[in-house]
Structure formats: structure tokens, C-alpha cells
Amino acid sequence: VCVCVCVWSVLLFASAAAFVEELDDSVVCPCRVSLQFYAPWCTFCKQLDPVWHQIGSEYRSLGSPVHVGKSDATANTGLAKEFRVRTYPAILMLKKNIKYNYSGVRTKDGIMDFANRIAGPLVRSLSSVQLFQHAMSRHDVMFVYVGATSPLKGNYTSVAEQLIVHTYFFSTSRDVLPKAVSLSTLPAVVVFKDGTYFTYSEERDGDLKLWINRERFPNFSQIDSYTLYAMGETGKLVLLALVEEKHLCEESLREMYFGFMAGSDYISGLVMGEIIVPTFIVVNLSNDGYFLPPGTVQTEQNLLDFLDGVLNGSMQGHGGNGALQRVRRLVYDTRVTHAPLLGCFLVAFPLTIGACFCYLCFKARPTVVDEDGTPLLAPPLGGHKKSKKKSD
């Protein structure tokens with residue numbers, strides 16, 4: 001497989017020279033070579049620095065075809081322009097002239113799982129019961145094509161090429177599946193998650209790509225800010241249970257559904273206020289809207305009533321991305337990030353514009369002169385009054 005990985009980050013430790021190749025504009029990206037572009041001033045790149053060093057070291061020790069390289073995007077602008085670098089750090093892979101962007105959590109496991117997913121086959125074959133069970137034990141969500149070659153398989157492979165950045169794709173035969181799995185027709189596309197399975201139906205579910213994009217998350221899991229952002233692309237509402245990280249346990253979450261988030265910092269930024277945990281919130285990331293329970297949710301029925309209100313429109317929504325809300329968010333972000341200079345600018349700029357406008361209006365007012373040509377003050381609005389002749 002011809003693989004080229006490009007990752008934007010900060011300079012790695014000097015000891016990483018054995019694991020990371022230095023590249024510049026004169027280097028042509030060959031097969032099976034990863035690139036790293038960084039900006040020396042980027043704070044987030046510096047945070048990614050030790051993680052990227054570990055990734056380069058581990059890939060070298062494993063003898064993986066995925067190698068790790070680096071290049072200063074601010075100095076080697078040719079490469080940065082070729083791969084359309086816009087923000088730092090950015091992680092992507094290039095495979096068969098197709099660029100795959102990584103937008104997940106910047107951890108060693110997350111980035112390596114992404115790289116391994118892209119580097120391997122688009123659709124992985126599960127040829128035995130043992131392989132199928134092994135894959136089931138490793139993946140919370142697993143998409144499987146069942147059957148022989150068909151137009152559906154071609155469509156499935158095409159979707160895999162586009163969505164491989166998010167999830168794995170597998171194929172198998174009917175005799176490999178567990179006996180409990182019942183398929184009315186073949187070929188079929190099946191998703192296994194949450195201890196059960198669902199079969200794709202074009203008549204019921206519509207476009208295959210949209211269906212896979214909607215179903216690629218477990219119905220209930222721990223969610224971070226990266227996952228929450230990705231969930232917004234599915235078009236579904238997201239119910240979050242906000243809990244303190246030290247209280248995370250199976251017993252306390254047994255009656256909760258859809259997802260939970262440790263802490264409330266990210267959601268506090270969304271609602272532009274303090275959120276007391278534990279609590280629930282329904283988030284609509286398509287318009288940055290959200291719904292909060294009108295009272296304390298103590299029972300399952302309280303939660304169901306809250307969700308019914310959201311779905312039938314009787315529950316009042318908050319937030320949004322209107323003009324007024326964007327102004328409020330700008331002011332909020334300025335306040336919480338403690339940017340006094342920006343705050344002064346936001347206050348002083350409109351005042352300065354107003355003062356200039358008043359000055360220009362004053363200058364543009366007509367001048368009244370006496371009979372001997374002596375300038376007088378302009379008359380008030382509403383008409384000119386005849387001036388008296390100035391005595392000698």
C-alpha cells in the first residue's frame with residue numbers, strides 16, 4: 001500500500017532525529033513516508049510535541065510502513081501550500097492521491113489508530129469465526145458487508161474510502177456471522193454496536209453514506225469535545241449527562257442514555273455560563289442550540305418527559321447562531337480569556353467611529369454669513385432665520 005502521512009506539529013526533541021525525518025520544499029513525498037509540518041510559535045503544537053515523538057519511536061520499533069517526518073510549515077511554504085495547511089497543528093494522511101484529515105483527540109492511541117486505519121485495506125476481510133470475534137472485541141462499532149460481489153459492495157467500498165477516517169469497514173460471509181444474526185436477504189450491510197446489530201435498508205434508511213455516518217457512534221459512551229463536534233455532523237441531537245470525573249462509575253450511569261462528559265468546561269463555553277454537575281443537556285450542534293431541563297431530573301420519567309418536550313417542540317430552546325448570539329459569544333470569549341486589550345478595542349472602536357461620524361456631520365453643516373460676509377453659526381435644523389445686520 002502506498003501511504004503518505006502529513007502531520008503538522010511543533011519541533012520534536014533532538015533525540016527524535018532517529019525516528020523523524022526532516023523534510024523541506026525540495027523533497028518529493030515518496031511512498032510510505034509520513035510528513036510533519038509545524039509552526040514554532042504554536043502552543044498547541046508544543047503540547048503535541050511529546051506525543052508525536054512517541055508515535056515516531058513506536059512506528060520505527062515496530063518496523064511499520066508508516067514512517068513519521070517533519071517540516072516547518074512557516075519556512076517550507078511550498079509543502080504547506082501543496083497540502084493546504086490552514087491551522088496548526090493539523091494531522092492528515094495521503095493515500096493514492098487522496099488526503100485524509102484527522103480531527104480526533106490528539107493522543108498517541110488516537111493518532112496511531114487513525115494512521116493504521118488509513119494505511120491498511122479500505123475493507124478488511126474477516127474470513128473466519130475467530131477473526132470476526134477478535135474484531136468484535138476490539139471495536140465498539142463495526143460495519144460489515146455480508147455477501148458476494150454486488151453493486152451494494154461497490155457502493156460500500158466507495159463509502160469506506162470517504163469515511164475510513166472515522167471508522168473501520170469489514171466484509172465477511174454469512175457462515176462466519178454468529179447464528180443469532182438473522183439476515184432476510186443477501187448481500188447486506190450490518191452495523192454491530194451496543195450489544196446488538198442493525199441491518200441497512202435503502203428504502204428505510206436512504207443513502208448508505210449518510211446512514212453509516214449517523215450510526216458510527218455508540219448509543220451511549222463517554223464523549224470529549226472532539227467527539228461532540230463530530231456528532232454534530234450526523235444531524236442528530238445529542239443528550240449529555242454532565243458528571244464530575246471522580247464520580248464516573250457504572251453504578252452512577254446505569255440509568256443514563258446516549259453519552260456522558262466528564263466535567264462541564266466545554267459545555268459552559270457553549271452556554272456561556274456556569275453549569276452545575278451532575279445535570280443533563282441536549283445539544284443541537286447544527287445551530288449551536290441547546291435545551292436544559294426545567295427542573296431537577298431525579299427519575300427516568302423526568303428524563304423521558306424532558307426528551308419528549310425537546311422532540312415535540314414544547315421545550316424552550318436556548319443559544320443558536322444568530323447575529324445577537326454571535327455578539328454575545330464574542331463578548332463572553334473576550335471576558336473568559338482575560339484579553340484586556342481586545343476588550344478595550346471592542347469598547348473603544350465603536351466609540352471612535354461614532355465620534356468621527358459626529359465630527360464629519362458637524363463639518364458638513366452649511367455656514368451662514370452676515371450681509372458683510374462675516375461667518376455666523378449655522379442655524380438650528382428646521383430652517384434659516386434672517387440674521388440682523390452687525391453694527392459697526
# chains A, B, ... in the order shown; residues from 1 in each chain; ligands from 1
>>> select_by_dssp(residues="range 111-288 of chain A", states="strand (DSSP E)", output="MDAnalysis selection string")
chainID A and resid 124:125 141:146 169:172 188:193 196:199 221:222 238:243 259:262 279:284
>>> select_by_dssp(residues="range 37-179 of chain A", states="alpha helix (DSSP H)", output="PyMOL selection string")
chain A and resi 43-62+77-82+108-119+129-138+151-163
>>> closest_residue(among="A:Phe280, A:Trp52, A:Phe170, A:Tyr197", to="Gly295 in chain A", atoms="only C-alpha atoms")
A:Phe280
>>> atom_distance(atom1="CA of Val238 in chain A", atom2="CA of Tyr200 in chain A")
22.1 Å
>>> residues_around(residues="Leu303 in chain A", least_positions_apart="6", cutoff="12 Å", atoms="only C-alpha atoms", output="list in words")
Leu239, Leu240, Ala241, Glu255, Met256, Tyr257, Thr279, Phe280, Ile281, Val282, Leu292, Pro293, Pro294, Gly295, Thr296, Val297, Gly309 and Val310 of chain A
>>> residues_around(residues="Lys108 in chain A", least_positions_apart="4", cutoff="8 Å", atoms="only C-alpha atoms", output="CSV table (one decimal) with all heavy atoms, in the first residue's frame")
chain,number,residue,atom,x,y,z
A,51,VAL,N,3.9,13.7,22.3
A,51,VAL,CA,3.1,12.6,21.7
A,51,VAL,C,3.6,12.2,20.3
A,51,VAL,O,3.7,11.0,20.0
A,51,VAL,CB,1.6,13.1,21.6
A,51,VAL,CG1,0.7,12.1,20.9
A,51,VAL,CG2,1.0,13.4,23.0
A,52,TRP,N,4.0,13.2,19.5
A,52,TRP,CA,4.5,12.9,18.2
A,52,TRP,C,5.8,12.1,18.3
A,52,TRP,O,6.1,11.3,17.4
A,52,TRP,CB,4.6,14.1,17.4
A,52,TRP,CG,4.7,13.9,15.9
A,52,TRP,CD1,5.8,14.1,15.1
A,52,TRP,CD2,3.8,13.2,15.1
A,52,TRP,NE1,5.6,13.7,13.8
A,52,TRP,CE2,4.4,13.1,13.8
A,52,TRP,CE3,2.5,12.7,15.3
A,52,TRP,CZ2,3.7,12.5,12.7
A,52,TRP,CZ3,1.8,12.1,14.2
A,52,TRP,CH2,2.4,12.1,13.0
A,54,GLN,N,6.7,10.0,20.6
A,54,GLN,CA,6.4,8.6,21.0
A,54,GLN,C,5.8,7.9,19.8
A,54,GLN,O,6.2,6.7,19.6
A,54,GLN,CB,5.3,8.6,22.1
A,54,GLN,CG,5.8,9.2,23.4
A,54,GLN,CD,4.6,9.3,24.4
A,54,GLN,OE1,3.5,8.8,24.2
A,54,GLN,NE2,4.9,10.0,25.5
A,55,ILE,N,5.0,8.5,18.9
A,55,ILE,CA,4.5,7.9,17.7
A,55,ILE,C,5.6,7.5,16.8
A,55,ILE,O,5.7,6.4,16.2
A,55,ILE,CB,3.5,8.8,17.0
A,55,ILE,CG1,2.2,9.0,17.9
A,55,ILE,CG2,3.1,8.2,15.7
A,55,ILE,CD1,1.2,10.0,17.4
A,112,MET,N,-2.4,7.0,16.2
A,112,MET,CA,-1.9,5.8,15.7
A,112,MET,C,-3.1,4.9,15.1
A,112,MET,O,-2.9,4.2,14.1
A,112,MET,CB,-1.1,5.0,16.7
A,112,MET,CG,0.2,5.7,17.1
A,112,MET,SD,1.3,4.6,18.1
A,112,MET,CE,1.7,3.3,17.0
>>> residues_around(residues="Tyr226 in chain A", least_positions_apart="5", cutoff="12 Å", atoms="only C-alpha atoms", output="JSON, numbers by chain")
{"A": [102, 103, 104, 105, 106, 107, 110, 166, 231, 232, 233, 261, 266]}
>>> closest_atom_pairs(of="range 205-301 of chain A", to="range 320-331 of chain A", cutoff="12 Å", atoms="only C-alpha atoms", output="tab-separated table")
residue	atom	partner	partner_atom	distance
A:Ser268	CA	A:Arg329	CA	11.7
A:Gly269	CA	A:Arg329	CA	8.8
A:Leu270	CA	A:Arg329	CA	8.7
A:Val271	CA	A:Arg329	CA	9.2
A:Met272	CA	A:Arg329	CA	7.1
A:Gly273	CA	A:Arg329	CA	10.7
A:Val283	CA	A:Gly320	CA	10.4
A:Asn284	CA	A:Gly320	CA	8.8
A:Leu285	CA	A:Gly320	CA	9.0
A:Ser286	CA	A:Gly320	CA	8.9
A:Asn287	CA	A:Gly320	CA	5.2
A:Asp288	CA	A:Gly320	CA	4.8
A:Gly289	CA	A:Gly320	CA	4.4
A:Tyr290	CA	A:Gly320	CA	7.8
A:Phe291	CA	A:Gly320	CA	10.8
>>> write_last_selection(atoms="N, CA, C and O atoms", output="CSV table (one decimal), in the first residue's frame")
chain,number,residue,atom,x,y,z
A,268,SER,N,-19.9,24.7,29.4
A,268,SER,CA,-20.0,26.0,30.0
A,268,SER,C,-19.7,27.1,28.9
A,268,SER,O,-20.3,28.1,28.9
A,269,GLY,N,-18.7,26.8,28.1
A,269,GLY,CA,-18.4,27.6,27.0
A,269,GLY,C,-19.5,27.7,25.9
A,269,GLY,O,-19.8,28.8,25.4
A,270,LEU,N,-20.2,26.6,25.7
A,270,LEU,CA,-21.3,26.6,24.8
A,270,LEU,C,-22.5,27.4,25.2
A,270,LEU,O,-23.1,28.2,24.5
A,271,VAL,N,-22.8,27.3,26.5
A,271,VAL,CA,-24.0,28.0,27.1
A,271,VAL,C,-23.6,29.4,27.6
A,271,VAL,O,-24.5,30.2,28.0
A,272,MET,N,-22.3,29.7,27.6
A,272,MET,CA,-21.8,31.0,28.1
A,272,MET,C,-22.2,31.3,29.5
A,272,MET,O,-22.7,32.3,29.8
A,273,GLY,N,-22.0,30.3,30.4
A,273,GLY,CA,-22.4,30.4,31.8
A,273,GLY,C,-21.9,29.2,32.5
A,273,GLY,O,-21.4,28.2,31.9
A,283,VAL,N,-27.9,18.9,23.1
A,283,VAL,CA,-27.2,19.8,22.3
A,283,VAL,C,-27.5,19.6,20.8
A,283,VAL,O,-27.6,18.5,20.3
A,284,ASN,N,-27.8,20.7,20.1
A,284,ASN,CA,-28.0,20.6,18.7
A,284,ASN,C,-26.9,21.4,18.0
A,284,ASN,O,-26.9,22.6,17.9
A,285,LEU,N,-25.8,20.7,17.6
A,285,LEU,CA,-24.6,21.3,17.1
A,285,LEU,C,-24.8,21.9,15.7
A,285,LEU,O,-23.9,22.5,15.1
A,286,SER,N,-25.9,21.6,15.0
A,286,SER,CA,-26.1,22.2,13.7
A,286,SER,C,-26.4,23.7,13.8
A,286,SER,O,-26.1,24.4,12.8
A,287,ASN,N,-26.9,24.1,14.9
A,287,ASN,CA,-27.1,25.6,15.1
A,287,ASN,C,-26.6,26.1,16.4
A,287,ASN,O,-26.9,27.2,16.8
A,288,ASP,N,-25.8,25.3,17.1
A,288,ASP,CA,-25.2,25.7,18.4
A,288,ASP,C,-26.3,25.9,19.5
A,288,ASP,O,-26.2,26.7,20.4
A,289,GLY,N,-27.5,25.3,19.3
A,289,GLY,CA,-28.6,25.4,20.2
A,289,GLY,C,-28.5,24.3,21.3
A,289,GLY,O,-27.8,23.3,21.2
A,290,TYR,N,-29.2,24.5,22.4
A,290,TYR,CA,-29.2,23.5,23.5
A,290,TYR,C,-30.5,23.6,24.3
A,290,TYR,O,-31.2,24.7,24.2
A,291,PHE,N,-30.8,22.6,25.0
A,291,PHE,CA,-32.0,22.5,25.8
A,291,PHE,C,-31.6,22.0,27.2
A,291,PHE,O,-30.8,21.1,27.4
>>> residues_around(residues="Gly195 in chain A", least_positions_apart="4", cutoff="12 Å", atoms="only C-alpha atoms", output="number ranges by chain")
A: 136-137, 139-142, 180-181, 191, 218-220
>>> closest_residue(among="A:Thr352, A:Thr167, A:Asn312, A:Thr77", to="Val144 in chain A", atoms="only C-alpha atoms")
A:Thr167
>>> closest_residue(among="A:Pro50, A:Val146, A:His67, A:Ser57", to="Glu21 in chain A", atoms="only C-alpha atoms")
A:His67
>>> atom_distance(atom1="CA of Phe37 in chain A", atom2="CA of Phe114 in chain A")
17.6 Å
>>> residues_around(residues="Ala80 in chain A", least_positions_apart="6", cutoff="9 Å", atoms="only C-alpha atoms", output="list in words")
Asp25, Phe37, Ser71, Asp72, Ala73, Thr74 and Arg86 of chain A
>>> closest_residue(among="A:Leu122, A:Lys46, A:Gly259, A:Lys209", to="Ile223 in chain A", atoms="only C-alpha atoms")
A:Gly259
>>> closest_residue(among="A:Trp41, A:Tyr59, A:Phe143, A:Tyr100", to="Leu208 in chain A", atoms="only C-alpha atoms")
A:Phe143
>>> atom_distance(atom1="CA of Ser125 in chain A", atom2="CA of Val66 in chain A")
21.1 Å
>>> closest_residue(among="A:Leu48, A:Val190, A:Val159, A:Val165", to="Ala230 in chain A", atoms="only C-alpha atoms")
A:Val165
>>> decode(residues="range 174-292 of chain A", atoms="C-alpha atoms", output="PDB file, in the first residue's frame")
ATOM      1  CA  ARG A 174     -22.835 -15.469   6.077  1.00  0.00           C
ATOM      2  CA  ASP A 175     -21.374 -18.611   7.689  1.00  0.00           C
ATOM      3  CA  VAL A 176     -18.879 -16.517   9.701  1.00  0.00           C
ATOM      4  CA  LEU A 177     -21.546 -14.466  11.457  1.00  0.00           C
ATOM      5  CA  PRO A 178     -22.987 -15.618  14.798  1.00  0.00           C
ATOM      6  CA  LYS A 179     -26.041 -17.836  14.454  1.00  0.00           C
ATOM      7  CA  ALA A 180     -28.090 -15.257  16.378  1.00  0.00           C
ATOM      8  CA  VAL A 181     -27.706 -12.794  13.483  1.00  0.00           C
ATOM      9  CA  SER A 182     -30.690 -13.098  11.176  1.00  0.00           C
ATOM     10  CA  LEU A 183     -30.489 -11.641   7.664  1.00  0.00           C
ATOM     11  CA  SER A 184     -33.546 -11.813   5.428  1.00  0.00           C
ATOM     12  CA  THR A 185     -31.622 -11.174   2.211  1.00  0.00           C
ATOM     13  CA  LEU A 186     -28.057 -11.047   0.908  1.00  0.00           C
ATOM     14  CA  PRO A 187     -25.997  -9.049   0.218  1.00  0.00           C
ATOM     15  CA  ALA A 188     -26.423  -6.851   3.298  1.00  0.00           C
ATOM     16  CA  VAL A 189     -24.640  -4.171   5.305  1.00  0.00           C
ATOM     17  CA  VAL A 190     -24.824  -4.641   9.061  1.00  0.00           C
ATOM     18  CA  VAL A 191     -23.643  -2.461  11.953  1.00  0.00           C
ATOM     19  CA  PHE A 192     -22.796  -4.155  15.254  1.00  0.00           C
ATOM     20  CA  LYS A 193     -22.925  -1.922  18.333  1.00  0.00           C
ATOM     21  CA  ASP A 194     -24.344  -1.687  21.846  1.00  0.00           C
ATOM     22  CA  GLY A 195     -24.625  -5.468  22.101  1.00  0.00           C
ATOM     23  CA  THR A 196     -26.953  -5.769  19.117  1.00  0.00           C
ATOM     24  CA  TYR A 197     -26.989  -5.217  15.354  1.00  0.00           C
ATOM     25  CA  PHE A 198     -28.918  -3.237  12.714  1.00  0.00           C
ATOM     26  CA  THR A 199     -29.269  -4.009   9.016  1.00  0.00           C
ATOM     27  CA  TYR A 200     -29.172  -1.262   6.392  1.00  0.00           C
ATOM     28  CA  SER A 201     -32.245  -0.816   4.219  1.00  0.00           C
ATOM     29  CA  GLU A 202     -32.078   1.632   1.331  1.00  0.00           C
ATOM     30  CA  GLU A 203     -35.857   2.071   1.377  1.00  0.00           C
ATOM     31  CA  ARG A 204     -35.927   2.848   5.108  1.00  0.00           C
ATOM     32  CA  ASP A 205     -32.514   4.450   5.732  1.00  0.00           C
ATOM     33  CA  GLY A 206     -31.835   6.277   2.466  1.00  0.00           C
ATOM     34  CA  ASP A 207     -28.278   6.982   1.325  1.00  0.00           C
ATOM     35  CA  LEU A 208     -25.721   4.440   2.564  1.00  0.00           C
ATOM     36  CA  LYS A 209     -23.067   7.052   3.374  1.00  0.00           C
ATOM     37  CA  LEU A 210     -25.484   9.132   5.433  1.00  0.00           C
ATOM     38  CA  TRP A 211     -26.672   6.031   7.295  1.00  0.00           C
ATOM     39  CA  ILE A 212     -23.127   4.950   8.158  1.00  0.00           C
ATOM     40  CA  ASN A 213     -22.256   8.485   9.243  1.00  0.00           C
ATOM     41  CA  ARG A 214     -25.290   8.509  11.566  1.00  0.00           C
ATOM     42  CA  GLU A 215     -24.626   5.077  13.029  1.00  0.00           C
ATOM     43  CA  ARG A 216     -20.865   5.311  13.582  1.00  0.00           C
ATOM     44  CA  PHE A 217     -21.211   6.277  17.248  1.00  0.00           C
ATOM     45  CA  PRO A 218     -22.335   4.036  20.117  1.00  0.00           C
ATOM     46  CA  ASN A 219     -25.716   4.989  21.553  1.00  0.00           C
ATOM     47  CA  PHE A 220     -24.042   5.577  24.913  1.00  0.00           C
ATOM     48  CA  SER A 221     -20.387   6.374  25.592  1.00  0.00           C
ATOM     49  CA  GLN A 222     -18.054   8.886  27.185  1.00  0.00           C
ATOM     50  CA  ILE A 223     -17.771  11.939  24.936  1.00  0.00           C
ATOM     51  CA  ASP A 224     -14.985  14.502  24.628  1.00  0.00           C
ATOM     52  CA  SER A 225     -15.111  17.835  22.812  1.00  0.00           C
ATOM     53  CA  TYR A 226     -13.706  16.313  19.587  1.00  0.00           C
ATOM     54  CA  THR A 227     -16.342  13.558  19.527  1.00  0.00           C
ATOM     55  CA  LEU A 228     -19.114  16.024  20.331  1.00  0.00           C
ATOM     56  CA  TYR A 229     -18.082  18.181  17.374  1.00  0.00           C
ATOM     57  CA  ALA A 230     -18.062  15.117  15.089  1.00  0.00           C
ATOM     58  CA  MET A 231     -21.511  14.109  16.322  1.00  0.00           C
ATOM     59  CA  GLY A 232     -22.794  17.442  15.082  1.00  0.00           C
ATOM     60  CA  GLU A 233     -22.155  16.265  11.507  1.00  0.00           C
ATOM     61  CA  THR A 234     -24.659  13.413  11.848  1.00  0.00           C
ATOM     62  CA  GLY A 235     -27.691  15.692  12.153  1.00  0.00           C
ATOM     63  CA  LYS A 236     -28.784  14.020  15.390  1.00  0.00           C
ATOM     64  CA  LEU A 237     -29.455  15.710  18.720  1.00  0.00           C
ATOM     65  CA  VAL A 238     -27.024  14.766  21.485  1.00  0.00           C
ATOM     66  CA  LEU A 239     -28.124  14.134  25.061  1.00  0.00           C
ATOM     67  CA  LEU A 240     -25.278  14.638  27.515  1.00  0.00           C
ATOM     68  CA  ALA A 241     -25.078  13.711  31.172  1.00  0.00           C
ATOM     69  CA  LEU A 242     -22.538  16.075  32.733  1.00  0.00           C
ATOM     70  CA  VAL A 243     -20.824  14.462  35.714  1.00  0.00           C
ATOM     71  CA  GLU A 244     -17.712  15.037  37.777  1.00  0.00           C
ATOM     72  CA  GLU A 245     -14.841  12.864  36.584  1.00  0.00           C
ATOM     73  CA  LYS A 246     -14.219  11.402  40.044  1.00  0.00           C
ATOM     74  CA  HIS A 247     -17.802  10.112  40.117  1.00  0.00           C
ATOM     75  CA  LEU A 248     -17.606   8.165  36.857  1.00  0.00           C
ATOM     76  CA  CYS A 249     -18.656   4.597  37.540  1.00  0.00           C
ATOM     77  CA  GLU A 250     -21.012   2.026  36.090  1.00  0.00           C
ATOM     78  CA  GLU A 251     -23.437   2.252  39.017  1.00  0.00           C
ATOM     79  CA  SER A 252     -23.941   6.023  38.779  1.00  0.00           C
ATOM     80  CA  LEU A 253     -24.531   5.909  34.987  1.00  0.00           C
ATOM     81  CA  ARG A 254     -26.674   2.776  34.778  1.00  0.00           C
ATOM     82  CA  GLU A 255     -29.912   4.681  34.107  1.00  0.00           C
ATOM     83  CA  MET A 256     -28.354   7.300  31.763  1.00  0.00           C
ATOM     84  CA  TYR A 257     -28.532   7.212  27.977  1.00  0.00           C
ATOM     85  CA  PHE A 258     -26.667   8.419  24.892  1.00  0.00           C
ATOM     86  CA  GLY A 259     -23.500   9.928  26.349  1.00  0.00           C
ATOM     87  CA  PHE A 260     -21.718  11.491  29.279  1.00  0.00           C
ATOM     88  CA  MET A 261     -18.968  14.053  29.593  1.00  0.00           C
ATOM     89  CA  ALA A 262     -16.523  14.405  32.480  1.00  0.00           C
ATOM     90  CA  GLY A 263     -16.720  17.950  33.794  1.00  0.00           C
ATOM     91  CA  SER A 264     -18.548  20.909  32.284  1.00  0.00           C
ATOM     92  CA  ASP A 265     -15.849  23.242  30.918  1.00  0.00           C
ATOM     93  CA  TYR A 266     -16.708  22.654  27.252  1.00  0.00           C
ATOM     94  CA  ILE A 267     -20.469  22.934  27.799  1.00  0.00           C
ATOM     95  CA  SER A 268     -20.029  26.037  29.975  1.00  0.00           C
ATOM     96  CA  GLY A 269     -18.382  27.647  26.964  1.00  0.00           C
ATOM     97  CA  LEU A 270     -21.304  26.607  24.750  1.00  0.00           C
ATOM     98  CA  VAL A 271     -23.992  28.008  27.067  1.00  0.00           C
ATOM     99  CA  MET A 272     -21.792  30.981  28.064  1.00  0.00           C
ATOM    100  CA  GLY A 273     -22.368  30.401  31.766  1.00  0.00           C
ATOM    101  CA  GLU A 274     -21.688  28.064  34.650  1.00  0.00           C
ATOM    102  CA  ILE A 275     -23.188  24.566  34.549  1.00  0.00           C
ATOM    103  CA  ILE A 276     -23.551  22.731  37.853  1.00  0.00           C
ATOM    104  CA  VAL A 277     -22.888  18.993  37.577  1.00  0.00           C
ATOM    105  CA  PRO A 278     -24.384  16.467  37.512  1.00  0.00           C
ATOM    106  CA  THR A 279     -27.030  17.541  35.008  1.00  0.00           C
ATOM    107  CA  PHE A 280     -28.401  16.818  31.542  1.00  0.00           C
ATOM    108  CA  ILE A 281     -28.279  18.890  28.386  1.00  0.00           C
ATOM    109  CA  VAL A 282     -29.491  18.240  24.840  1.00  0.00           C
ATOM    110  CA  VAL A 283     -27.189  19.807  22.264  1.00  0.00           C
ATOM    111  CA  ASN A 284     -28.031  20.638  18.657  1.00  0.00           C
ATOM    112  CA  LEU A 285     -24.637  21.332  17.072  1.00  0.00           C
ATOM    113  CA  SER A 286     -26.134  22.151  13.692  1.00  0.00           C
ATOM    114  CA  ASN A 287     -27.055  25.587  15.072  1.00  0.00           C
ATOM    115  CA  ASP A 288     -25.222  25.661  18.443  1.00  0.00           C
ATOM    116  CA  GLY A 289     -28.565  25.404  20.231  1.00  0.00           C
ATOM    117  CA  TYR A 290     -29.225  23.547  23.464  1.00  0.00           C
ATOM    118  CA  PHE A 291     -32.003  22.501  25.847  1.00  0.00           C
ATOM    119  CA  LEU A 292     -31.799  22.321  29.639  1.00  0.00           C
TER     120      LEU A 292
END
